[in-house]
Protein chains: 2
Amino acid sequence: MSEPTKFLLPEDRIPSHWVNLLPDLPGEPLPPLSPATGQPAGPDDLTPIFPMALIAQEVSTEPEVEIPQAVREAYGLWRPTPLHRARRLERELGTKARIYYKYEGTSPAGSHKPNTAVPQAYENAQAGVKKLATETGAGQWGSSLAFACSLFGLDCEVFMVGSSYDQKPYRRSMMQTWGATVHRSPSTLTSAGRDQAGHPTGSLGIAISEAVEVAAQDPDCNYALGSVLNHVLLHQTVIGQEAMLQMELAGEQPDVIVGCVGGGSNFGGLAFPYLRERPGTRFIAAEPAACPTLTRGAYRYDYGDTAGLTPLMPMYTLGHDFVPPPVHAGGLRYHGDAPMLCALVKAGAIEPRAYRQNETFEAAVRFARAEGIIPAPEPAHAIRAVIDLVEQGETGAILFGLCGHGHFDLAAYDAYLSGELEDPEFSEADMDAALARLPEAPSIA
Amino acid sequence: MSEPTKFLLPEDRIPSHWVNLLPDLPGEPLPPLSPATGQPAGPDDLTPIFPMALIAQEVSTEPEVEIPQAVREAYGLWRPTPLHRARRLERELGTKARIYYKYEGTSPAGSHKPNTAVPQAYENAQAGVKKLATETGAGQWGSSLAFACSLFGLDCEVFMVGSSYDQKPYRRSMMQTWGATVHRSPSTLTSAGRDQAGHPTGSLGIAISEAVEVAAQDPDCNYALGSVLNHVLLHQTVIGQEAMLQMELAGEQPDVIVGCVGGGSNFGGLAFPYLRERPGTRFIAAEPAACPTLTRGAYRYDYGDTAGLTPLMPMYTLGHDFVPPPVHAGGLRYHGDAPMLCALVKAGAIEPRAYRQNETFEAAVRFARAEGIIPAPEPAHAIRAVIDLVEQGETGAILFGLCGHGHFDLAAYDAYLSGELEDPEFSEADMDAALARLPEAPSIA
């Protein structure tokens with residue numbers, strides 16, 4: 001074995017702290033605004049649906065946050081995750097570049113999402129909460145939270161977007177196997193759902209409203225979110241910290257780091273530790289051309305949900321009621337992005353790129369045939385960006401985040417291989433409509 | 001991390017040799033018999049469909065066989081696989097027993113099958129073969145061979161049992177993503193298929209006949225089998241060799257080893273290295289009560305396929321044309337078992353146990369909620385056996401093979417959770433009918 005292809009760490013190298021990048025961000029942090037008053041929202045605005053420990057993480061300006069021992073032990077079920085060198089893909093591309101990927105698909109739920117589901121479930125259990133409510137689109141987040149709740153004895157109630165509920169019964173069965181209750185959204189259990197009775201497909205916005213409503217009304221139930229918020233990105237920094245140690249084993253550190261971006265938790269988890277320790281690194285954020293938040297959105301205050309119930313957040317947005325075309329990368333179909341990530345893009349520290357659906361699947365199939373792993377449609381965007389970098393002459397070390405496998409996305413591969421995959425794009429008219437719908441709020445651009 | 005839950009090996013500890021248990025077997029080995037002449041079959045009987053290197057492995061009596069460097073490098077894509085200690089399951093069971101499991105679900109195809117698909121594809125490519133043909137039932141083997149062929153530039157043609165082709169489109173898409181051609185069996189491409197035109201579901205026996213026919217008629221095409229044969233079990237011994245090193249890291253070796261048995265390759269892969277090095281270990285082979293080959297079959301010469309085209313092999317059999325009830329553990333629905341494994345059961349070195357479908361799913365759900373990983377229905381039989389051992393008072397170290405994940409089996413979990421899972425058993429009448437159908441051959445019992 002003169003050429004290692006995999007760099008593994010023992011369980012005792014699971015990070016002891018999460019990296020909090022909030023104090024490193026350029027300029028003064030912009031506060032979220034209360035949707036009721038338009039004034040800066042404080043911790044008290046969040047206590048009805050989040051436990052105090054997570055609120056404290058959300059607003060912390062400490063550079064590091066200690067990981068509770070029980071969370072590290074649960075991480076040990078699948079962490080540290082492997083870091084691979086893609087030697088076969090390199091050979092196929094005929095490049096001198098060294099291509100590395102950090103693979104999060106070995107978690108029980110098959111993606112990076114359990115990295116935050118576990119500490120969220122733990123802190124809620126510590127606070128005496130009995131149940132967590134959440135929404136899920138394609139099912140990655142819902143299944144991760146169902147898994148985490150099973151570890152800490154919490155009930156879990158998932159509002160699953162109607163179209164996914166109908167099309168992805170396996171993801172639903174996965175949540176039920178871990179003991180969760182799954183509702184098709186819109187449901188008749190909430191007023192938010194009943195208001196939308198008859199909606200044919202449902203939407204993430206409606207499902208969020210249902211879950212938040214359940215959590216706000218039941219004192220034993222809290223809400224959990226799988227991306228966007230500061231504490232979620234914080235939890236994901238185990239990815240980048242492990243990768244840094246594994247790249248040391250490989251004998252170099254990356255010149256370029258590439259990740260896909262939906263809400264930003266996968267990208268932030270890989271990039272934030274490097275942004276602090278190695279700010280000279282080049283960072284590329286890959287998103288769908290059908291939902292081009294970072295490349296074409298407006299940098300403005302906007303709601304996190306369709307109905308406008310959440311605080312207004314400073315972010316690149318396509319408008320809170322924008323419904324992206326049904327590309328298969330369900331995890332990237334979000335109108336906004338994590339405020340921390342947006343601030344870094346605005347400051348020029350991260351370069352966003354947008355890719356069409358078919359070119360991402362072309363890259364994913366190429367990767368699968370070279371490296372074996374079938375990627376989820378979301379990290380296929382990162383793979384496309386990596387191949388483009390190489391074909392444009394990059395010869396350094398590239399590290400990308402392979403944040404999940406595609407075992408529940410094979411219908412999309414089937415459509416691609418049979419030439420029937422749609423290739424939607426975001427139009428100028430879409431952009432104009434999005435800008436016209438932005439709420440009244442202080443300008444930040 | 002005072003209590004490690006995972007024992008990992010670096011890539012350079014991938015075994016350098018496979019363990020060949022053939023010279024260790026009790027008594028004189030019984031030869032396979034030619035279906036045409038009834039006389040012992042030699043290597044020449046196999047050259048139309050297998051390359052000489054694999055035939056040499058099939059009949060080798062050397063105690064070890066070196067693993068080619070290119071195979072070790074391909075193994076490096078996912079091997080060494082992790083060995084876990086099931087501390088959460090132990091706590092839930094309230095036992096002093098230490099429960100360990102070797103997890104093969106981290107391979108690209110999601111099971112142990114690539115351990116043999118890779119060397120089979122490699123040796124065929126070395127021999128100048130351009131294409132491999134095979135059959136697949138539930139799809140584990142077909143997808144593993146498709147993956148392996150993509151690594152070595154071989155075409156791959158898979159005859160997929162009709163009912164699985166209709167019910168498991170994701171497994172089909174997986175094979176196609178790796179570049180394989182997949183046919184619904186019975187097909188119109190072969191005379192074996194045309195003879196069965198209109199058969200509503202197809203069967204593994206028909207699919208084998210189709211693949212063998214294609215391989216026998218095309219000089220550029222060979223056949224590949226995923227279990228039963230000596231060289232297949234040989235390749236799987238990387239599992240047990242790694243486990244032995246990992247148990248050293250855990251500070252003890254198992255008192256009991258448990259695995260599920262279909263054709264025997266998963267069980268043999270884990271057990272054979274221990275059978276040689278630690279013969280005092282207790283070995284338990286878990287099979288479905290609906291297809292109780294080892295617990296209720298006759299120890300006789302029988303064909304490997306339904307049509308009677310393969311050599312007659314000495315094994316426990318339910319009759320070569322027995323069609324097991326459609327339990328979800330598709331990988332365990334085989335009328336016979338590997339002759340090497342059968343000889344060890346006959347000699348009393350391995351204890352067989354049979355379990356009903358619902359009790360295996362009850363164990364699988366319990367495991368998933370404690371340990372996170374959702375098991376395939378096949379290793380759920382091993383988990384059932386482990387829980388029974390503990391509940392019957394076993395307090396030693398137990399190691400079992402978790403040979404694959406259940407990501408493509410969630411419809412079965414859905415049926416179990418909704419109380420709609422069937423619970424078929426093998427009847428006395430089934431047994432009588434099986435015995436009446438056995439071919440004329442020398443007695444071995």
# chains A, B, ... in the order shown; residues from 1 in each chain; ligands from 1
call {"tool": "interface_residues", "arguments": {"of": "chain B", "to": "chain A", "cutoff": "9 Å", "atoms": "only C-alpha atoms", "output": "PyMOL selection string"}}
result
chain B and resi 1-12+69+72-73+76-78+84+88+105-109+147-148+150-151+169-174+176-179+365-366+368-374+407-411+413-414+417
call {"tool": "write_last_selection", "arguments": {"atoms": "C-alpha atoms", "output": "compact mmCIF listing (two decimals), in the first residue's frame"}}
result
# COMPACT_ATOMS: atom_id res chain seq x y z
CA MET B 1 -13.54 8.56 25.41
CA SER B 2 -12.87 6.04 28.16
CA GLU B 3 -15.14 3.46 26.52
CA PRO B 4 -14.36 3.02 22.83
CA THR B 5 -17.26 1.87 20.66
CA LYS B 6 -15.42 1.47 17.39
CA PHE B 7 -12.21 -0.27 16.41
CA LEU B 8 -10.65 0.91 13.16
CA LEU B 9 -7.63 -0.30 11.22
CA PRO B 10 -5.50 1.74 8.83
CA GLU B 11 -5.51 0.88 5.14
CA ASP B 12 -2.16 -0.93 5.33
CA GLN B 69 -2.00 -5.77 -5.27
CA ARG B 72 -5.94 -4.70 -2.27
CA GLU B 73 -5.90 -1.19 -3.74
CA GLY B 76 -8.91 0.37 -0.03
CA LEU B 77 -11.93 2.27 -1.35
CA TRP B 78 -13.86 0.97 1.69
CA HIS B 84 -18.22 -1.74 16.59
CA ARG B 88 -26.06 0.90 23.66
CA GLY B 105 -22.44 -1.95 5.01
CA THR B 106 -19.87 0.78 4.39
CA SER B 107 -18.93 -0.72 1.01
CA PRO B 108 -20.18 1.18 -2.06
CA ALA B 109 -22.83 -1.47 -2.76
CA PHE B 147 -19.46 -1.71 -9.19
CA ALA B 148 -16.48 -4.07 -9.53
CA SER B 150 -16.74 -0.35 -13.44
CA LEU B 151 -13.39 -0.41 -11.62
CA PRO B 169 -36.21 -0.17 -9.27
CA TYR B 170 -33.58 1.54 -7.08
CA ARG B 171 -31.30 -1.51 -7.12
CA ARG B 172 -31.66 -1.58 -10.91
CA SER B 173 -30.80 2.14 -11.15
CA MET B 174 -27.77 1.53 -8.94
CA GLN B 176 -27.07 1.17 -14.30
CA THR B 177 -25.32 4.08 -12.57
CA TRP B 178 -22.22 1.88 -12.43
CA GLY B 179 -22.67 1.18 -16.14
CA VAL B 365 -35.80 -2.54 14.91
CA ARG B 366 -34.48 -2.92 18.44
CA ALA B 368 -31.64 0.23 14.86
CA ARG B 369 -33.09 2.23 17.76
CA ALA B 370 -30.13 1.39 20.00
CA GLU B 371 -27.19 1.47 17.58
CA GLY B 372 -28.45 3.72 14.77
CA ILE B 373 -27.67 1.43 11.84
CA ILE B 374 -30.71 -0.06 10.08
CA HIS B 407 -31.51 1.13 2.83
CA PHE B 408 -33.16 -0.82 0.03
CA ASP B 409 -35.32 -2.92 2.32
CA LEU B 410 -37.39 -0.24 4.01
CA ALA B 411 -40.59 -1.48 2.41
CA TYR B 413 -39.67 -2.49 7.66
CA ASP B 414 -42.82 -0.63 6.69
CA LEU B 417 -44.14 -1.78 11.62
call {"tool": "select_by_dssp", "arguments": {"residues": "range 271-388 of chain B", "states": "helix (DSSP H, G or I)", "output": "VMD selection string"}}
result
chain B and resid 271 to 277 293 to 296 330 to 332 339 to 346 357 to 371 377 to 388
call {"tool": "residues_around", "arguments": {"residues": "Cys403 in chain A", "least_positions_apart": "6", "cutoff": "9 Å", "atoms": "only C-alpha atoms", "output": "ChimeraX atom specification"}}
result
/A:102-105,110-113,259-260,266,375-376,378-379
call {"tool": "atom_distance", "arguments": {"atom1": "CA of Leu294 in chain A", "atom2": "CA of Pro339 in chain A"}}
result
11.2 Å
call {"tool": "residues_around", "arguments": {"residues": "range 237-252 of chain B", "least_positions_apart": "3", "cutoff": "7 Å", "atoms": "only C-alpha atoms", "output": "number ranges by chain"}}
result
B: 7-8, 15, 18-19, 80, 83, 102, 233-234, 269-274
call {"tool": "write_last_selection", "arguments": {"atoms": "all heavy atoms", "output": "compact mmCIF listing (two decimals), in the first residue's frame"}}
result
# COMPACT_ATOMS: atom_id res chain seq x y z
N PHE B 7 -13.60 0.13 16.53
CA PHE B 7 -12.21 -0.27 16.41
C PHE B 7 -11.84 -0.25 14.94
O PHE B 7 -12.38 -1.03 14.14
CB PHE B 7 -11.99 -1.64 17.07
CG PHE B 7 -12.42 -1.64 18.51
CD1 PHE B 7 -13.70 -2.03 18.86
CD2 PHE B 7 -11.57 -1.17 19.50
CE1 PHE B 7 -14.13 -1.98 20.18
CE2 PHE B 7 -11.99 -1.12 20.82
CZ PHE B 7 -13.27 -1.52 21.17
N LEU B 8 -10.97 0.68 14.57
CA LEU B 8 -10.65 0.91 13.16
C LEU B 8 -9.22 0.48 12.88
O LEU B 8 -8.36 0.53 13.75
CB LEU B 8 -10.78 2.40 12.83
CG LEU B 8 -12.15 3.04 13.13
CD1 LEU B 8 -12.11 4.54 12.85
CD2 LEU B 8 -13.22 2.36 12.29
N PRO B 15 -5.81 -7.26 4.78
CA PRO B 15 -5.05 -8.53 4.71
C PRO B 15 -4.27 -8.66 3.39
O PRO B 15 -4.71 -8.19 2.34
CB PRO B 15 -6.14 -9.60 4.84
CG PRO B 15 -7.24 -8.94 5.60
CD PRO B 15 -7.24 -7.51 5.15
N TRP B 18 -5.80 -14.28 1.47
CA TRP B 18 -7.08 -14.86 1.87
C TRP B 18 -6.81 -16.18 2.60
O TRP B 18 -5.81 -16.86 2.31
CB TRP B 18 -7.94 -15.14 0.64
CG TRP B 18 -8.44 -13.91 -0.08
CD1 TRP B 18 -9.21 -12.91 0.44
CD2 TRP B 18 -8.21 -13.57 -1.46
NE1 TRP B 18 -9.47 -11.97 -0.54
CE2 TRP B 18 -8.89 -12.36 -1.71
CE3 TRP B 18 -7.52 -14.18 -2.51
CZ2 TRP B 18 -8.88 -11.73 -2.96
CZ3 TRP B 18 -7.51 -13.56 -3.75
CH2 TRP B 18 -8.19 -12.34 -3.97
N VAL B 19 -7.70 -16.55 3.51
CA VAL B 19 -7.58 -17.80 4.26
C VAL B 19 -8.35 -18.90 3.52
O VAL B 19 -9.56 -18.79 3.32
CB VAL B 19 -8.15 -17.64 5.68
CG1 VAL B 19 -8.20 -18.98 6.39
CG2 VAL B 19 -7.31 -16.64 6.47
N PRO B 80 -10.12 -1.25 5.50
CA PRO B 80 -10.82 -2.13 6.42
C PRO B 80 -12.16 -1.53 6.86
O PRO B 80 -12.26 -0.32 7.03
CB PRO B 80 -9.86 -2.24 7.62
CG PRO B 80 -8.52 -1.84 7.10
CD PRO B 80 -8.80 -0.83 6.04
N LEU B 83 -15.23 -2.26 13.06
CA LEU B 83 -15.80 -3.19 14.03
C LEU B 83 -16.31 -2.35 15.20
O LEU B 83 -15.58 -1.52 15.74
CB LEU B 83 -14.76 -4.21 14.50
CG LEU B 83 -15.31 -5.29 15.45
CD1 LEU B 83 -14.75 -6.67 15.08
CD2 LEU B 83 -14.95 -5.01 16.91
N LYS B 102 -19.06 -6.69 13.20
CA LYS B 102 -18.23 -6.29 12.07
C LYS B 102 -19.18 -5.79 11.00
O LYS B 102 -20.03 -6.56 10.51
CB LYS B 102 -17.41 -7.49 11.59
CG LYS B 102 -16.54 -7.25 10.37
CD LYS B 102 -15.34 -6.38 10.66
CE LYS B 102 -14.34 -6.39 9.50
NZ LYS B 102 -13.39 -5.26 9.59
N LEU B 233 -16.08 -17.91 -0.99
CA LEU B 233 -15.88 -17.90 0.46
C LEU B 233 -14.44 -17.49 0.80
O LEU B 233 -14.21 -16.77 1.77
CB LEU B 233 -16.23 -19.27 1.06
CG LEU B 233 -17.72 -19.45 1.43
CD1 LEU B 233 -18.62 -19.37 0.23
CD2 LEU B 233 -17.95 -20.74 2.20
N LEU B 234 -13.51 -17.97 -0.01
CA LEU B 234 -12.10 -17.58 0.17
C LEU B 234 -11.96 -16.06 0.20
O LEU B 234 -11.34 -15.48 1.11
CB LEU B 234 -11.29 -18.17 -1.01
CG LEU B 234 -9.82 -17.80 -1.08
CD1 LEU B 234 -9.00 -18.66 -0.12
CD2 LEU B 234 -9.28 -17.96 -2.51
N GLY B 269 -16.86 -15.95 5.55
CA GLY B 269 -15.87 -14.88 5.58
C GLY B 269 -15.50 -14.45 6.98
O GLY B 269 -14.33 -14.19 7.28
N LEU B 270 -16.49 -14.41 7.86
CA LEU B 270 -16.22 -14.02 9.24
C LEU B 270 -15.64 -15.19 10.04
O LEU B 270 -14.70 -15.03 10.83
CB LEU B 270 -17.52 -13.52 9.90
CG LEU B 270 -17.44 -13.10 11.37
CD1 LEU B 270 -16.50 -11.91 11.55
CD2 LEU B 270 -18.83 -12.75 11.91
N ALA B 271 -16.17 -16.39 9.82
CA ALA B 271 -15.85 -17.52 10.70
C ALA B 271 -14.57 -18.26 10.33
O ALA B 271 -13.85 -18.74 11.21
CB ALA B 271 -17.02 -18.51 10.70
N PHE B 272 -14.27 -18.39 9.03
CA PHE B 272 -13.17 -19.29 8.64
C PHE B 272 -11.82 -18.92 9.28
O PHE B 272 -11.11 -19.82 9.75
CB PHE B 272 -13.05 -19.35 7.11
CG PHE B 272 -14.11 -20.22 6.45
CD1 PHE B 272 -15.13 -20.81 7.20
CD2 PHE B 272 -14.10 -20.45 5.10
CE1 PHE B 272 -16.11 -21.60 6.59
CE2 PHE B 272 -15.06 -21.25 4.47
CZ PHE B 272 -16.07 -21.82 5.23
N PRO B 273 -11.44 -17.63 9.31
CA PRO B 273 -10.17 -17.33 9.98
C PRO B 273 -10.18 -17.75 11.45
O PRO B 273 -9.16 -18.21 11.97
CB PRO B 273 -10.04 -15.81 9.81
CG PRO B 273 -10.82 -15.51 8.57
CD PRO B 273 -12.00 -16.45 8.64
N TYR B 274 -11.31 -17.61 12.11
CA TYR B 274 -11.42 -18.04 13.50
C TYR B 274 -11.42 -19.56 13.62
O TYR B 274 -10.87 -20.12 14.56
CB TYR B 274 -12.68 -17.46 14.16
CG TYR B 274 -12.48 -16.05 14.67
CD1 TYR B 274 -12.84 -14.95 13.89
CD2 TYR B 274 -11.90 -15.81 15.92
CE1 TYR B 274 -12.66 -13.66 14.35
CE2 TYR B 274 -11.71 -14.52 16.39
CZ TYR B 274 -12.09 -13.45 15.61
OH TYR B 274 -11.90 -12.17 16.07
call {"tool": "select_by_dssp", "arguments": {"residues": "range 237-283 of chain B", "states": "strand (DSSP E or B)", "output": "number ranges by chain"}}
result
B: 256-260, 282-283
call {"tool": "write_last_selection", "arguments": {"atoms": "all heavy atoms", "output": "short mmCIF file (atom, residue, chain, number, x, y, z; two decimals), in the first residue's frame"}}
result
data_model
loop_
_atom_site.label_atom_id
_atom_site.label_comp_id
_atom_site.auth_asym_id
_atom_site.auth_seq_id
_atom_site.Cartn_x
_atom_site.Cartn_y
_atom_site.Cartn_z
N VAL B 256 -18.26 -16.45 21.20
CA VAL B 256 -19.27 -16.93 20.25
C VAL B 256 -19.22 -16.05 19.01
O VAL B 256 -19.14 -14.82 19.12
CB VAL B 256 -20.70 -16.86 20.82
CG1 VAL B 256 -21.66 -17.65 19.94
CG2 VAL B 256 -20.75 -17.34 22.25
N ILE B 257 -19.28 -16.66 17.83
CA ILE B 257 -19.38 -15.92 16.58
C ILE B 257 -20.70 -16.30 15.91
O ILE B 257 -21.04 -17.47 15.82
CB ILE B 257 -18.18 -16.24 15.66
CG1 ILE B 257 -16.92 -15.56 16.21
CG2 ILE B 257 -18.45 -15.78 14.22
CD1 ILE B 257 -15.67 -15.80 15.41
N VAL B 258 -21.42 -15.25 15.47
CA VAL B 258 -22.75 -15.45 14.91
C VAL B 258 -22.82 -14.79 13.53
O VAL B 258 -22.36 -13.66 13.36
CB VAL B 258 -23.84 -14.83 15.83
CG1 VAL B 258 -25.23 -15.06 15.24
CG2 VAL B 258 -23.75 -15.40 17.24
N GLY B 259 -23.40 -15.48 12.57
CA GLY B 259 -23.61 -14.88 11.25
C GLY B 259 -24.84 -15.47 10.60
O GLY B 259 -25.27 -16.57 10.95
N CYS B 260 -25.40 -14.73 9.65
CA CYS B 260 -26.52 -15.28 8.88
C CYS B 260 -25.96 -16.09 7.72
O CYS B 260 -24.84 -15.87 7.26
CB CYS B 260 -27.45 -14.17 8.38
SG CYS B 260 -26.70 -13.01 7.23
N ARG B 282 -17.25 -20.88 19.75
CA ARG B 282 -18.56 -21.41 19.40
C ARG B 282 -19.08 -20.65 18.17
O ARG B 282 -18.98 -19.42 18.11
CB ARG B 282 -19.51 -21.21 20.59
CG ARG B 282 -20.87 -21.83 20.41
CD ARG B 282 -21.73 -21.64 21.67
NE ARG B 282 -23.08 -22.09 21.43
CZ ARG B 282 -24.13 -21.76 22.18
NH1 ARG B 282 -23.96 -20.99 23.24
NH2 ARG B 282 -25.34 -22.20 21.88
N PHE B 283 -19.61 -21.37 17.19
CA PHE B 283 -20.08 -20.74 15.95
C PHE B 283 -21.56 -21.01 15.75
O PHE B 283 -21.99 -22.17 15.81
CB PHE B 283 -19.29 -21.29 14.76
CG PHE B 283 -17.83 -20.98 14.79
CD1 PHE B 283 -16.92 -21.86 15.36
CD2 PHE B 283 -17.35 -19.77 14.28
CE1 PHE B 283 -15.56 -21.56 15.41
CE2 PHE B 283 -16.00 -19.47 14.33
CZ PHE B 283 -15.10 -20.36 14.89
#
call {"tool": "closest_residue", "arguments": {"among": "A:Val345, A:Ile206, A:Met340, A:Ala197", "to": "Ser265 in chain A", "atoms": "only C-alpha atoms"}}
result
A:Met340
call {"tool": "residues_around", "arguments": {"residues": "range 91-96 of chain B", "least_positions_apart": "6", "cutoff": "8 Å", "atoms": "only C-alpha atoms", "output": "CSV table (one decimal) with N, CA, C and O atoms, in the first residue's frame"}}
result
chain,number,residue,atom,x,y,z
B,370,ALA,N,-31.2,1.3,19.0
B,370,ALA,CA,-30.1,1.4,20.0
B,370,ALA,C,-28.8,1.8,19.3
B,370,ALA,O,-28.1,2.7,19.9
B,387,ILE,N,-29.5,-11.7,20.4
B,387,ILE,CA,-30.4,-11.3,21.5
B,387,ILE,C,-30.9,-12.6,22.2
B,387,ILE,O,-30.9,-12.6,23.5
B,390,VAL,N,-28.1,-13.8,24.6
B,390,VAL,CA,-28.0,-13.0,25.8
B,390,VAL,C,-29.2,-13.3,26.7
B,390,VAL,O,-29.0,-13.5,27.9
B,395,THR,N,-22.8,-14.6,28.8
B,395,THR,CA,-22.2,-13.4,29.4
B,395,THR,C,-20.8,-13.2,28.8
B,395,THR,O,-20.1,-12.3,29.3
B,396,GLY,N,-20.5,-13.9,27.8
B,396,GLY,CA,-19.1,-13.7,27.3
B,396,GLY,C,-19.1,-12.7,26.2
B,396,GLY,O,-19.9,-11.8,26.1
call {"tool": "closest_residue", "arguments": {"among": "A:Thr293, A:Ala307, A:Val118, A:Asn222", "to": "Asp195 in chain A", "atoms": "only C-alpha atoms"}}
result
A:Ala307
call {"tool": "residues_around", "arguments": {"residues": "Lys131 in chain A", "least_positions_apart": "4", "cutoff": "10 Å", "atoms": "only C-alpha atoms", "output": "list in words"}}
result
Ala121, Asn124, Ala125, Cys149, Gly153, Leu154, Asp155, Cys156, Glu157, Ala215, Asp218, Pro219, Asp220, Cys221, Asn222 and Tyr223 of chain A
call {"tool": "write_last_selection", "arguments": {"atoms": "N, CA and C atoms", "output": "PDB file, in the first residue's frame"}}
result
ATOM      1  N   ALA A 121     -30.863  17.084  19.984  1.00  0.00           N
ATOM      2  CA  ALA A 121     -31.685  16.157  20.777  1.00  0.00           C
ATOM      3  C   ALA A 121     -31.151  16.076  22.206  1.00  0.00           C
ATOM      4  N   ASN A 124     -32.028  19.255  24.294  1.00  0.00           N
ATOM      5  CA  ASN A 124     -33.449  19.260  24.614  1.00  0.00           C
ATOM      6  C   ASN A 124     -33.780  18.233  25.693  1.00  0.00           C
ATOM      7  N   ALA A 125     -33.182  17.050  25.596  1.00  0.00           N
ATOM      8  CA  ALA A 125     -33.418  16.032  26.621  1.00  0.00           C
ATOM      9  C   ALA A 125     -32.922  16.519  27.979  1.00  0.00           C
ATOM     10  N   CYS A 149     -33.257  11.418  18.202  1.00  0.00           N
ATOM     11  CA  CYS A 149     -34.265  11.303  19.271  1.00  0.00           C
ATOM     12  C   CYS A 149     -34.303   9.881  19.836  1.00  0.00           C
ATOM     13  N   GLY A 153     -34.096   9.127  23.925  1.00  0.00           N
ATOM     14  CA  GLY A 153     -35.407   8.838  24.498  1.00  0.00           C
ATOM     15  C   GLY A 153     -36.458   9.917  24.279  1.00  0.00           C
ATOM     16  N   LEU A 154     -36.315  10.726  23.230  1.00  0.00           N
ATOM     17  CA  LEU A 154     -37.307  11.757  22.927  1.00  0.00           C
ATOM     18  C   LEU A 154     -38.295  11.256  21.881  1.00  0.00           C
ATOM     19  N   ASP A 155     -39.538  11.700  22.001  1.00  0.00           N
ATOM     20  CA  ASP A 155     -40.468  11.504  20.891  1.00  0.00           C
ATOM     21  C   ASP A 155     -40.089  12.454  19.768  1.00  0.00           C
ATOM     22  N   CYS A 156     -40.436  12.085  18.557  1.00  0.00           N
ATOM     23  CA  CYS A 156     -40.085  12.911  17.400  1.00  0.00           C
ATOM     24  C   CYS A 156     -41.285  12.953  16.455  1.00  0.00           C
ATOM     25  N   GLU A 157     -41.686  14.169  16.082  1.00  0.00           N
ATOM     26  CA  GLU A 157     -42.844  14.355  15.207  1.00  0.00           C
ATOM     27  C   GLU A 157     -42.374  15.119  13.974  1.00  0.00           C
ATOM     28  N   ALA A 215     -44.682  23.039  18.294  1.00  0.00           N
ATOM     29  CA  ALA A 215     -43.698  23.268  19.355  1.00  0.00           C
ATOM     30  C   ALA A 215     -44.100  24.445  20.241  1.00  0.00           C
ATOM     31  N   ASP A 218     -47.150  23.332  22.661  1.00  0.00           N
ATOM     32  CA  ASP A 218     -46.999  22.221  23.601  1.00  0.00           C
ATOM     33  C   ASP A 218     -45.774  22.491  24.477  1.00  0.00           C
ATOM     34  N   PRO A 219     -45.974  22.703  25.783  1.00  0.00           N
ATOM     35  CA  PRO A 219     -44.823  23.054  26.644  1.00  0.00           C
ATOM     36  C   PRO A 219     -43.783  21.939  26.736  1.00  0.00           C
ATOM     37  N   ASP A 220     -44.164  20.697  26.435  1.00  0.00           N
ATOM     38  CA  ASP A 220     -43.209  19.591  26.490  1.00  0.00           C
ATOM     39  C   ASP A 220     -42.492  19.378  25.157  1.00  0.00           C
ATOM     40  N   CYS A 221     -42.829  20.205  24.165  1.00  0.00           N
ATOM     41  CA  CYS A 221     -42.298  19.988  22.810  1.00  0.00           C
ATOM     42  C   CYS A 221     -41.523  21.211  22.342  1.00  0.00           C
ATOM     43  N   ASN A 222     -40.347  20.979  21.776  1.00  0.00           N
ATOM     44  CA  ASN A 222     -39.570  22.042  21.143  1.00  0.00           C
ATOM     45  C   ASN A 222     -39.455  21.797  19.647  1.00  0.00           C
ATOM     46  N   TYR A 223     -38.839  22.763  18.984  1.00  0.00           N
ATOM     47  CA  TYR A 223     -38.647  22.716  17.539  1.00  0.00           C
ATOM     48  C   TYR A 223     -37.160  22.528  17.257  1.00  0.00           C
TER      49      TYR A 223
END
call {"tool": "closest_residue", "arguments": {"among": "A:His328, A:Arg300, A:Lys168, A:His231", "to": "Leu438 in chain A", "atoms": "only C-alpha atoms"}}
result
A:Arg300
